[in-house]
file query-v7.cif (mmCIF, C-alpha atoms and all ligand atoms)
data_entry
loop_
_atom_site.label_atom_id
_atom_site.label_comp_id
_atom_site.auth_asym_id
_atom_site.auth_seq_id
_atom_site.Cartn_x
_atom_site.Cartn_y
_atom_site.Cartn_z
CA MET A 1 -21.01 13.76 -17.94
CA ALA A 2 -20.92 13.38 -14.22
CA HIS A 3 -23.93 14.36 -12.19
CA LEU A 4 -23.88 15.61 -8.64
CA ILE A 5 -25.11 13.11 -6.06
CA GLY A 6 -24.52 15.44 -3.14
CA LYS A 7 -22.05 17.49 -1.14
CA LEU A 8 -20.43 16.73 2.18
CA ILE A 9 -19.85 19.81 4.27
CA ILE A 10 -16.98 19.30 6.70
CA LYS A 11 -16.53 21.87 9.45
CA GLY A 12 -13.88 21.97 12.12
CA ASP A 13 -11.71 24.24 14.24
CA ILE A 14 -7.98 24.61 13.74
CA GLU A 15 -6.17 25.33 16.97
CA VAL A 16 -2.60 26.56 16.74
CA LYS A 17 -0.40 24.51 19.11
CA THR A 18 3.00 26.03 18.31
CA GLY A 19 3.54 29.43 16.66
CA MET A 20 2.45 29.27 13.03
CA ARG A 21 3.84 31.18 10.06
CA ILE A 22 1.95 31.31 6.79
CA GLY A 23 3.91 33.94 4.92
CA GLY A 24 2.41 37.01 3.34
CA THR A 25 3.56 38.54 0.07
CA THR A 26 7.15 39.69 0.06
CA THR A 27 6.64 43.12 -1.42
CA GLY A 28 9.45 44.57 0.63
CA LEU A 29 6.87 46.43 2.66
CA LYS A 30 7.73 45.91 6.28
CA ILE A 31 4.88 46.01 8.74
CA GLY A 32 5.87 46.71 12.31
CA GLY A 33 9.54 46.43 11.30
CA VAL A 34 9.17 42.68 10.79
CA ASP A 35 11.13 41.02 8.00
CA LEU A 36 8.82 38.06 7.47
CA ASN A 37 5.16 38.90 7.84
CA VAL A 38 2.26 36.50 8.05
CA ILE A 39 -0.57 36.68 5.57
CA THR A 40 -3.47 38.82 6.80
CA ASP A 41 -7.04 39.52 5.77
CA PRO A 42 -8.14 43.05 4.78
CA LEU A 43 -8.68 43.83 8.49
CA GLY A 44 -5.07 43.01 9.30
CA LYS A 45 -5.82 39.76 11.11
CA PRO A 46 -3.96 36.56 10.25
CA TYR A 47 -5.94 33.94 8.36
CA ILE A 48 -5.33 30.53 6.79
CA PRO A 49 -5.76 30.65 3.02
CA GLY A 50 -7.77 27.69 1.75
CA SER A 51 -5.07 27.14 -0.88
CA SER A 52 -2.40 26.68 1.84
CA LEU A 53 -4.46 24.16 3.73
CA LYS A 54 -5.50 22.31 0.58
CA GLY A 55 -1.93 22.24 -0.74
CA LYS A 56 -0.66 20.82 2.53
CA LEU A 57 -3.35 18.12 2.65
CA ARG A 58 -2.52 17.19 -0.94
CA THR A 59 1.20 16.89 -0.24
CA LEU A 60 0.59 14.76 2.85
CA LEU A 61 -1.72 12.43 0.93
CA GLU A 62 0.68 12.26 -2.05
CA ARG A 63 3.41 11.02 0.28
CA LYS A 64 1.10 8.50 1.94
CA GLU A 65 -0.42 7.17 -1.27
CA LYS A 66 3.08 6.69 -2.74
CA VAL A 67 2.19 8.37 -6.03
CA GLU A 68 4.88 9.35 -8.48
CA TRP A 69 6.32 12.87 -8.02
CA ASN A 70 6.32 13.66 -11.72
CA LYS A 71 5.42 17.35 -11.52
CA LYS A 72 8.51 19.50 -11.75
CA ASP A 73 9.33 23.18 -11.30
CA LYS A 74 11.24 25.26 -13.87
CA GLN A 75 14.57 24.00 -12.53
CA GLY A 76 13.41 20.41 -12.95
CA ASN A 77 13.02 19.68 -9.23
CA PRO A 78 10.10 17.40 -8.38
CA ILE A 79 7.41 19.39 -6.57
CA GLY A 80 4.46 17.05 -6.60
CA HIS A 81 2.28 14.63 -8.44
CA GLU A 82 -0.19 14.88 -11.29
CA CYS A 83 -1.56 11.98 -13.31
CA ASP A 84 -0.70 12.09 -16.98
CA THR A 85 -2.82 9.27 -18.36
CA GLU A 86 -6.48 8.33 -18.17
CA GLU A 87 -5.61 4.88 -16.86
CA LYS A 88 -3.59 6.25 -13.93
CA TYR A 89 -6.16 8.94 -13.19
CA GLN A 90 -8.96 6.40 -12.83
CA LYS A 91 -7.05 4.77 -9.97
CA CYS A 92 -5.67 7.92 -8.36
CA ALA A 93 -7.27 9.16 -5.14
CA VAL A 94 -5.04 12.25 -5.00
CA CYS A 95 -5.94 13.67 -8.42
CA LYS A 96 -9.63 12.83 -8.00
CA ILE A 97 -9.83 14.57 -4.64
CA PHE A 98 -7.61 17.59 -5.27
CA GLY A 99 -7.95 18.02 -9.03
CA ILE A 100 -5.59 18.37 -11.95
CA LEU A 101 -4.45 21.45 -13.84
CA GLY A 102 -3.11 19.98 -17.06
CA SER A 103 -6.14 17.82 -17.68
CA GLN A 104 -6.00 17.88 -21.49
CA LYS A 105 -4.19 14.53 -21.43
CA ILE A 106 -7.15 12.89 -19.69
CA SER A 107 -10.38 12.24 -21.54
CA SER A 108 -12.87 11.75 -18.69
CA PRO A 109 -14.08 14.83 -16.79
CA THR A 110 -11.46 15.70 -14.17
CA LEU A 111 -13.62 17.24 -11.50
CA THR A 112 -12.02 18.69 -8.42
CA ARG A 113 -13.98 17.14 -5.60
CA LEU A 114 -12.53 19.03 -2.67
CA ILE A 115 -12.94 22.75 -2.00
CA VAL A 116 -11.17 24.27 1.00
CA ARG A 117 -12.33 27.70 2.19
CA ASP A 118 -10.19 30.39 3.79
CA ALA A 119 -10.29 30.15 7.59
CA TYR A 120 -10.57 33.22 9.78
CA LEU A 121 -9.21 33.94 13.22
CA ASP A 122 -11.52 33.69 16.19
CA GLU A 123 -10.57 36.96 17.88
CA SER A 124 -11.65 35.70 21.29
CA SER A 125 -9.02 32.95 21.14
CA ILE A 126 -6.34 35.65 21.55
CA THR A 127 -7.01 36.41 25.21
CA GLU A 128 -6.16 39.62 27.05
CA GLU A 129 -3.51 37.64 28.92
CA MET A 130 -1.93 36.53 25.66
CA LYS A 131 -2.10 40.02 24.21
CA LYS A 132 0.18 41.32 26.99
CA ASN A 133 2.93 39.10 25.62
CA LEU A 134 2.41 39.74 21.92
CA GLU A 135 4.65 42.13 20.02
CA LEU A 136 1.96 42.96 17.47
CA GLU A 137 -1.82 43.14 17.81
CA TRP A 138 -2.59 39.49 16.95
CA THR A 139 0.84 37.99 16.51
CA GLU A 140 4.22 37.43 18.13
CA VAL A 141 7.64 38.18 16.66
CA LYS A 142 10.54 35.76 16.89
CA PHE A 143 14.17 36.26 15.98
CA GLU A 144 15.31 33.58 13.58
CA THR A 145 18.82 32.96 12.33
CA ALA A 146 19.45 31.53 8.93
CA ILE A 147 21.80 28.56 9.43
CA ASN A 148 24.48 27.47 7.03
CA ARG A 149 23.44 23.87 6.43
CA ILE A 150 26.98 22.60 5.84
CA THR A 151 28.83 24.19 8.75
CA GLY A 152 25.83 24.42 11.07
CA THR A 153 26.80 27.97 12.00
CA ALA A 154 24.76 31.13 11.76
CA LEU A 155 25.11 33.02 8.52
CA GLY A 156 26.54 36.52 9.05
CA GLY A 157 23.95 39.26 9.39
CA SER A 158 21.22 36.71 9.05
CA LEU A 159 19.11 37.52 12.10
CA ARG A 160 15.57 38.04 10.89
CA GLN A 161 12.33 38.85 12.61
CA ALA A 162 9.59 36.36 11.84
CA GLU A 163 5.97 37.02 12.69
CA ARG A 164 3.92 34.06 13.97
CA VAL A 165 0.37 33.37 14.98
CA PRO A 166 0.72 32.47 18.66
CA ALA A 167 -0.03 29.10 20.23
CA GLY A 168 -3.61 29.07 21.47
CA ALA A 169 -5.03 30.99 18.50
CA CYS A 170 -8.04 29.31 16.96
CA PHE A 171 -9.48 29.44 13.46
CA LYS A 172 -13.15 28.59 13.92
CA GLU A 173 -15.48 26.74 11.58
CA CYS A 174 -12.96 26.00 8.86
CA GLU A 175 -14.91 24.57 5.97
CA LEU A 176 -14.11 21.86 3.46
CA ILE A 177 -16.65 20.80 0.84
CA PHE A 178 -16.49 17.47 -0.91
CA SER A 179 -18.68 16.89 -3.95
CA ILE A 180 -19.80 13.33 -4.67
CA TYR A 181 -20.33 12.53 -8.36
CA ASP A 182 -20.10 8.77 -8.17
CA GLU A 183 -20.78 6.11 -5.51
CA LYS A 184 -17.06 5.32 -5.60
CA ASP A 185 -16.25 8.89 -4.50
CA ILE A 186 -17.56 8.13 -1.02
CA ASP A 187 -14.46 6.11 -0.14
CA LEU A 188 -12.27 9.02 -1.23
CA VAL A 189 -13.76 11.06 1.61
CA LYS A 190 -12.08 8.74 4.10
CA LYS A 191 -8.73 9.76 2.59
CA VAL A 192 -9.49 13.43 3.29
CA PHE A 193 -9.76 12.59 6.99
CA GLU A 194 -6.58 10.52 6.80
CA ALA A 195 -4.86 13.62 5.39
CA ILE A 196 -6.28 15.80 8.19
CA ASP A 197 -5.03 13.27 10.75
CA LEU A 198 -1.60 13.39 9.10
CA LEU A 199 -1.71 17.19 9.31
CA ASN A 200 -2.21 16.97 13.08
CA ASP A 201 1.14 15.15 13.22
CA ASP A 202 2.84 17.48 10.76
CA TYR A 203 2.79 21.27 10.46
CA LEU A 204 1.02 24.05 8.65
CA GLY A 205 2.91 26.99 7.15
CA GLY A 206 6.67 27.47 7.12
CA MET A 207 9.61 26.57 9.36
CA GLY A 208 8.06 23.30 10.49
CA SER A 209 11.49 21.79 11.05
CA ARG A 210 12.11 24.52 13.63
CA GLY A 211 9.00 23.49 15.51
CA TYR A 212 6.59 25.98 13.96
CA GLY A 213 3.05 25.25 12.85
CA LYS A 214 1.76 22.35 14.91
CA VAL A 215 -2.00 22.53 14.61
CA GLU A 216 -4.96 20.50 15.76
CA PHE A 217 -7.92 20.14 13.44
CA LYS A 218 -10.73 19.21 15.82
CA ASP A 219 -14.40 19.40 16.79
CA ILE A 220 -15.34 18.15 13.35
CA LYS A 221 -18.92 18.20 12.11
CA VAL A 222 -19.92 16.52 8.88
CA PHE A 223 -23.16 17.28 7.06
CA TRP A 224 -24.64 15.64 3.97
CA ASN A 225 -26.57 17.70 1.46
CA LYS A 226 -27.80 15.50 -1.33
CA ALA A 227 -28.79 16.93 -4.70
CA GLN A 228 -32.44 16.63 -3.66
CA ASP A 229 -31.84 18.81 -0.60
CA TYR A 230 -30.82 21.66 -2.92
CA GLU A 231 -34.09 21.19 -4.84
CA ASN A 232 -36.09 21.19 -1.61
CA GLY A 233 -34.21 23.93 0.18
CA THR A 234 -33.39 21.57 3.04
CA THR A 235 -29.66 22.29 3.19
CA GLU A 236 -29.51 24.12 6.53
CA LEU A 237 -26.60 22.84 8.64
CA LYS A 238 -28.58 22.11 11.76
CA GLU A 239 -27.04 20.08 14.57
CA GLU A 240 -29.54 17.22 14.05
CA ARG A 241 -28.40 16.85 10.42
CA LYS A 242 -24.83 16.05 11.47
CA ILE A 243 -23.83 12.58 10.24
CA ASN A 244 -20.65 11.88 12.24
CA GLY A 245 -22.30 11.32 15.63
CA ASN A 246 -19.91 11.85 18.53
CA TRP A 247 -16.81 11.11 16.45
CA THR A 248 -15.18 14.51 16.19
CA THR A 249 -11.48 13.86 15.57
CA PRO A 250 -10.09 12.84 12.16
CA ALA A 251 -8.81 9.54 13.61
CA GLU A 252 -12.22 8.68 15.07
CA ILE A 253 -13.90 9.46 11.77
CA VAL A 254 -11.41 7.29 9.84
CA LYS A 255 -11.88 4.45 12.32
CA ASN A 256 -15.68 4.62 12.15
CA PHE A 257 -15.95 5.58 8.51
CA GLU A 258 -17.94 2.50 7.47
CA GLU A 259 -20.57 3.39 10.06
CA ILE A 260 -20.69 7.09 9.10
CA LYS A 261 -20.89 6.17 5.42
CA LYS A 262 -24.28 4.53 6.00
CA ASN A 263 -25.76 8.00 6.56
CA LEU A 264 -24.95 9.00 2.96
CA THR A 265 -28.26 7.97 1.52
ZN ZN B 1 -2.81 11.24 -9.79
#
call {"tool": "encode", "arguments": {"input": "query-v7.cif", "output": "structure tokens", "more": "lines below"}}
Ligand SMILES: [Zn+2]
result
Amino acid sequence: MAHLIGKLIIKGDIEVKTGMRIGGTTTGLKIGGVDLNVITDPLGKPYIPGSSLKGKLRTLLERKEKVEWNKKDKQGNPIGHECDTEEKYQKCAVCKIFGILGSQKISSPTLTRLIVRDAYLDESSITEEMKKNLELEWTEVKFETAINRITGTALGGSLRQAERVPAGACFKECELIFSIYDEKDIDLVKKVFEAIDLLNDDYLGGMGSRGYGKVEFKDIKVFWNKAQDYENGTTELKEERKINGNWTTPAEIVKNFEEIKKNLT
């Protein structure tokens, strides 16, 4: 059985650089006459579900780590990767970080090391000036045409209204938690920051190929709560307990990871 060595608490802000669309449920219920709504919290404000962010980071890392896309949907299309043997799992950063669903094929404990929390909108990031140009309270509405991919022409009657979180919106203090069960897990943390850096050059949500969803994950703070800290009640995330110094971007953290790692004692 694996024992907890400690937890890394990673906090950062996600700033929306180009309008972002993380779709809500398609219940047919149109809000504000919009065809494609964004997902909102119970107060009607857009948020970033932890599952969306985690799924995106996983996909980006799967592509970078060149793992096999052996997970298929019902139609047999490859949709991702999941290790199917103990031997592969032991060497797989992706499955160790993000976890496995069908773990019955693997004998060692398949612990999900990374937790990604939902991230909420910082209301003050939507300024009064911005609000004047928004169609809805927190969001903008764009007309989007569905394009026939073969002819390149607009499909008849295909004009849809898509809701987006506007550029400039900020989701403050997004939180990722990485549990360390083994000394070897520490190097997996570096890969989480590689994935975040990849995200900054990719997109979050839908319609990325149309320019939607550029985000910047920034102002990162990393804290280290070892198992002992939970016993002593010394887990408060005070500024002086930050372990990443003045390196606040994912690239800086990757570049200086060996130095930062020394603080994990
Ligand atoms: Zn794997």
call {"tool": "closest_atom_pairs", "arguments": {"input": "query-v7.cif", "of": "chain A", "to": "ligand ZN 1 (chain B)", "cutoff": "7 Å", "atoms": "only C-alpha atoms and all ligand atoms", "output": "CSV"}}
result
residue,atom,partner,partner_atom,distance
A:Val67,CA,B:ZN1,ZN,6.9
A:His81,CA,B:ZN1,ZN,6.3
A:Glu82,CA,B:ZN1,ZN,4.7
A:Cys83,CA,B:ZN1,ZN,3.8
A:Lys88,CA,B:ZN1,ZN,6.5
A:Tyr89,CA,B:ZN1,ZN,5.3
A:Cys92,CA,B:ZN1,ZN,4.6
A:Ala93,CA,B:ZN1,ZN,6.8
A:Val94,CA,B:ZN1,ZN,5.4
A:Cys95,CA,B:ZN1,ZN,4.2
call {"tool": "closest_residue", "arguments": {"input": "query-v7.cif", "among": "A:Lys255, A:Lys45, A:Lys131, A:Lys221", "to": "Glu194 of chain A", "atoms": "all atoms listed in the file"}}
result
A:Lys255
call {"tool": "atom_distance", "arguments": {"input": "query-v7.cif", "atom1": "atom CA of Lys72 of chain A", "atom2": "atom CA of Thr110 of chain A"}}
result
20.5 Å
call {"tool": "residues_around", "arguments": {"input": "query-v7.cif", "residues": "segment 78-80 of chain A", "least_positions_apart": "4", "cutoff": "8 Å", "atoms": "only C-alpha atoms", "output": "MDAnalysis selection string"}}
result
chainID A and resid 59 62 68:73
call {"tool": "residues_near_point", "arguments": {"input": "query-v7.cif", "point": "(-17.5, 16.2, -1.6)", "cutoff": "6 Å", "atoms": "all atoms listed in the file", "output": "PyMOL selection string"}}
result
chain A and resi 7-8+113-114+177-180
call {"tool": "closest_residue", "arguments": {"input": "query-v7.cif", "among": "A:Lys56, A:Lys66, A:Lys96, A:Lys11", "to": "Gly213 of chain A", "atoms": "all atoms listed in the file"}}
result
A:Lys56
call {"tool": "residues_around", "arguments": {"input": "query-v7.cif", "residues": "segment 171-173 of chain A", "least_positions_apart": "3", "cutoff": "6 Å", "atoms": "all atoms listed in the file", "output": "number ranges by chain"}}
result
A: 11-14, 119-122
call {"tool": "atom_distance", "arguments": {"input": "query-v7.cif", "atom1": "atom CA of Gly19 of chain A", "atom2": "atom CA of Ala162 of chain A"}}
result
10.4 Å
call {"tool": "atom_distance", "arguments": {"input": "query-v7.cif", "atom1": "atom CA of Glu259 of chain A", "atom2": "atom CA of Leu198 of chain A"}}
result
21.5 Å
call {"tool": "closest_residue", "arguments": {"input": "query-v7.cif", "among": "A:Phe223, A:Tyr212, A:Tyr181, A:Trp138", "to": "Ile9 of chain A", "atoms": "only C-alpha atoms"}}
result
A:Phe223
call {"tool": "closest_residue", "arguments": {"input": "query-v7.cif", "among": "A:Lys105, A:Lys191, A:Lys17, A:Arg164", "to": "Glu137 of chain A", "atoms": "all atoms listed in the file"}}
result
A:Arg164
call {"tool": "residues_around", "arguments": {"input": "query-v7.cif", "residues": "Thr18 of chain A", "least_positions_apart": "2", "cutoff": "8 Å", "atoms": "all atoms listed in the file", "output": "list in words"}}
result
Val16, Met20, Pro166, Ala167, Gly168, Gly211, Tyr212, Gly213, Lys214 and Val215 of chain A
call {"tool": "residues_around", "arguments": {"input": "query-v7.cif", "residues": "Val38 of chain A", "least_positions_apart": "4", "cutoff": "10 Å", "atoms": "only C-alpha atoms", "output": "NGL selection string"}}
result
:A and (20-26 or 31 or 34 or 44-48 or 139 or 162-165 or 205)
call {"tool": "write_last_selection", "arguments": {"input": "query-v7.cif", "atoms": "C-alpha atoms", "output": "short mmCIF file (atom, residue, chain, number, x, y, z; two decimals), in the frame of the given file"}}
result
data_model
loop_
_atom_site.label_atom_id
_atom_site.label_comp_id
_atom_site.auth_asym_id
_atom_site.auth_seq_id
_atom_site.Cartn_x
_atom_site.Cartn_y
_atom_site.Cartn_z
CA MET A 20 2.45 29.27 13.03
CA ARG A 21 3.84 31.18 10.06
CA ILE A 22 1.95 31.31 6.79
CA GLY A 23 3.91 33.94 4.92
CA GLY A 24 2.41 37.01 3.34
CA THR A 25 3.56 38.54 0.07
CA THR A 26 7.15 39.69 0.06
CA ILE A 31 4.88 46.01 8.74
CA VAL A 34 9.17 42.68 10.79
CA GLY A 44 -5.07 43.01 9.30
CA LYS A 45 -5.82 39.76 11.11
CA PRO A 46 -3.96 36.56 10.25
CA TYR A 47 -5.94 33.94 8.36
CA ILE A 48 -5.33 30.53 6.79
CA THR A 139 0.84 37.99 16.51
CA ALA A 162 9.59 36.36 11.84
CA GLU A 163 5.97 37.02 12.69
CA ARG A 164 3.92 34.06 13.97
CA VAL A 165 0.37 33.37 14.98
CA GLY A 205 2.91 26.99 7.15
#
call {"tool": "closest_residue", "arguments": {"input": "query-v7.cif", "among": "A:Ile10, A:Ala2, A:Leu53, A:Ile126", "to": "Leu204 of chain A", "atoms": "only C-alpha atoms"}}
result
A:Leu53
call {"tool": "closest_residue", "arguments": {"input": "query-v7.cif", "among": "A:Thr112, A:Asn244, A:Gln90, A:Asn37", "to": "Asn263 of chain A", "atoms": "all atoms listed in the file"}}
result
A:Asn244
call {"tool": "decode", "arguments": {"input": "query-v7.cif", "residues": "segment 117-145 of chain A", "atoms": "N, CA and C atoms", "output": "mmCIF file, in the first residue's frame"}}
result
data_model
loop_
_atom_site.group_PDB
_atom_site.id
_atom_site.type_symbol
_atom_site.label_atom_id
_atom_site.label_comp_id
_atom_site.auth_asym_id
_atom_site.auth_seq_id
_atom_site.Cartn_x
_atom_site.Cartn_y
_atom_site.Cartn_z
ATOM 1 N N ARG A 117 -9.394 21.443 -9.262
ATOM 2 C CA ARG A 117 -10.646 22.011 -8.753
ATOM 3 C C ARG A 117 -11.343 22.870 -9.806
ATOM 4 N N ASP A 118 -12.632 23.078 -9.628
ATOM 5 C CA ASP A 118 -13.360 24.033 -10.469
ATOM 6 C C ASP A 118 -12.773 25.419 -10.220
ATOM 7 N N ALA A 119 -12.772 26.250 -11.260
ATOM 8 C CA ALA A 119 -12.217 27.606 -11.118
ATOM 9 C C ALA A 119 -13.315 28.632 -11.374
ATOM 10 N N TYR A 120 -13.404 29.596 -10.478
ATOM 11 C CA TYR A 120 -14.499 30.565 -10.548
ATOM 12 C C TYR A 120 -14.065 31.928 -11.055
ATOM 13 N N LEU A 121 -14.998 32.580 -11.686
ATOM 14 C CA LEU A 121 -14.733 33.885 -12.305
ATOM 15 C C LEU A 121 -14.476 34.959 -11.252
ATOM 16 N N ASP A 122 -13.436 35.734 -11.498
ATOM 17 C CA ASP A 122 -13.185 36.922 -10.686
ATOM 18 C C ASP A 122 -14.052 38.031 -11.300
ATOM 19 N N GLU A 123 -15.137 38.362 -10.606
ATOM 20 C CA GLU A 123 -16.102 39.325 -11.157
ATOM 21 C C GLU A 123 -15.449 40.641 -11.549
ATOM 22 N N SER A 124 -14.447 41.056 -10.748
ATOM 23 C CA SER A 124 -13.842 42.365 -11.021
ATOM 24 C C SER A 124 -13.047 42.382 -12.324
ATOM 25 N N SER A 125 -12.750 41.191 -12.870
ATOM 26 C CA SER A 125 -12.011 41.161 -14.140
ATOM 27 C C SER A 125 -12.904 41.572 -15.319
ATOM 28 N N ILE A 126 -14.225 41.493 -15.127
ATOM 29 C CA ILE A 126 -15.153 41.984 -16.160
ATOM 30 C C ILE A 126 -15.452 43.439 -15.790
ATOM 31 N N THR A 127 -14.730 44.352 -16.400
ATOM 32 C CA THR A 127 -14.826 45.761 -16.008
ATOM 33 C C THR A 127 -16.123 46.394 -16.529
ATOM 34 N N GLU A 128 -16.439 47.549 -15.966
ATOM 35 C CA GLU A 128 -17.629 48.292 -16.419
ATOM 36 C C GLU A 128 -17.527 48.596 -17.905
ATOM 37 N N GLU A 129 -16.305 48.944 -18.334
ATOM 38 C CA GLU A 129 -16.053 49.240 -19.746
ATOM 39 C C GLU A 129 -16.384 48.025 -20.626
ATOM 40 N N MET A 130 -15.916 46.860 -20.169
ATOM 41 C CA MET A 130 -16.195 45.633 -20.924
ATOM 42 C C MET A 130 -17.686 45.337 -20.951
ATOM 43 N N LYS A 131 -18.331 45.556 -19.809
ATOM 44 C CA LYS A 131 -19.760 45.221 -19.703
ATOM 45 C C LYS A 131 -20.610 45.958 -20.731
ATOM 46 N N LYS A 132 -20.180 47.174 -21.089
ATOM 47 C CA LYS A 132 -20.926 47.966 -22.086
ATOM 48 C C LYS A 132 -20.993 47.242 -23.427
ATOM 49 N N ASN A 133 -19.965 46.409 -23.681
ATOM 50 C CA ASN A 133 -19.911 45.736 -24.981
ATOM 51 C C ASN A 133 -20.377 44.278 -24.932
ATOM 52 N N LEU A 134 -20.810 43.835 -23.764
ATOM 53 C CA LEU A 134 -21.238 42.439 -23.659
ATOM 54 C C LEU A 134 -22.730 42.317 -23.938
ATOM 55 N N GLU A 135 -23.095 41.245 -24.618
ATOM 56 C CA GLU A 135 -24.512 41.017 -24.917
ATOM 57 C C GLU A 135 -25.248 40.470 -23.693
ATOM 58 N N LEU A 136 -24.566 39.657 -22.903
ATOM 59 C CA LEU A 136 -25.169 39.112 -21.688
ATOM 60 C C LEU A 136 -24.396 39.655 -20.482
ATOM 61 N N GLU A 137 -24.837 39.293 -19.271
ATOM 62 C CA GLU A 137 -24.239 39.920 -18.098
ATOM 63 C C GLU A 137 -22.724 39.713 -17.987
ATOM 64 N N TRP A 138 -22.268 38.488 -18.193
ATOM 65 C CA TRP A 138 -20.829 38.195 -18.038
ATOM 66 C C TRP A 138 -20.178 37.753 -19.333
ATOM 67 N N THR A 139 -20.959 37.614 -20.361
ATOM 68 C CA THR A 139 -20.442 36.977 -21.582
ATOM 69 C C THR A 139 -20.841 37.735 -22.848
ATOM 70 N N GLU A 140 -20.124 37.395 -23.935
ATOM 71 C CA GLU A 140 -20.447 37.978 -25.238
ATOM 72 C C GLU A 140 -21.097 36.895 -26.108
ATOM 73 N N VAL A 141 -21.769 37.328 -27.166
ATOM 74 C CA VAL A 141 -22.407 36.380 -28.068
ATOM 75 C C VAL A 141 -21.881 36.608 -29.479
ATOM 76 N N LYS A 142 -21.420 35.530 -30.086
ATOM 77 C CA LYS A 142 -20.869 35.611 -31.445
ATOM 78 C C LYS A 142 -21.738 34.796 -32.391
ATOM 79 N N PHE A 143 -21.856 35.273 -33.617
ATOM 80 C CA PHE A 143 -22.523 34.457 -34.634
ATOM 81 C C PHE A 143 -21.489 33.549 -35.260
ATOM 82 N N GLU A 144 -21.804 32.278 -35.331
ATOM 83 C CA GLU A 144 -20.887 31.305 -35.903
ATOM 84 C C GLU A 144 -21.615 30.530 -36.987
ATOM 85 N N THR A 145 -20.956 30.336 -38.098
ATOM 86 C CA THR A 145 -21.540 29.536 -39.176
ATOM 87 C C THR A 145 -20.902 28.164 -39.158
#
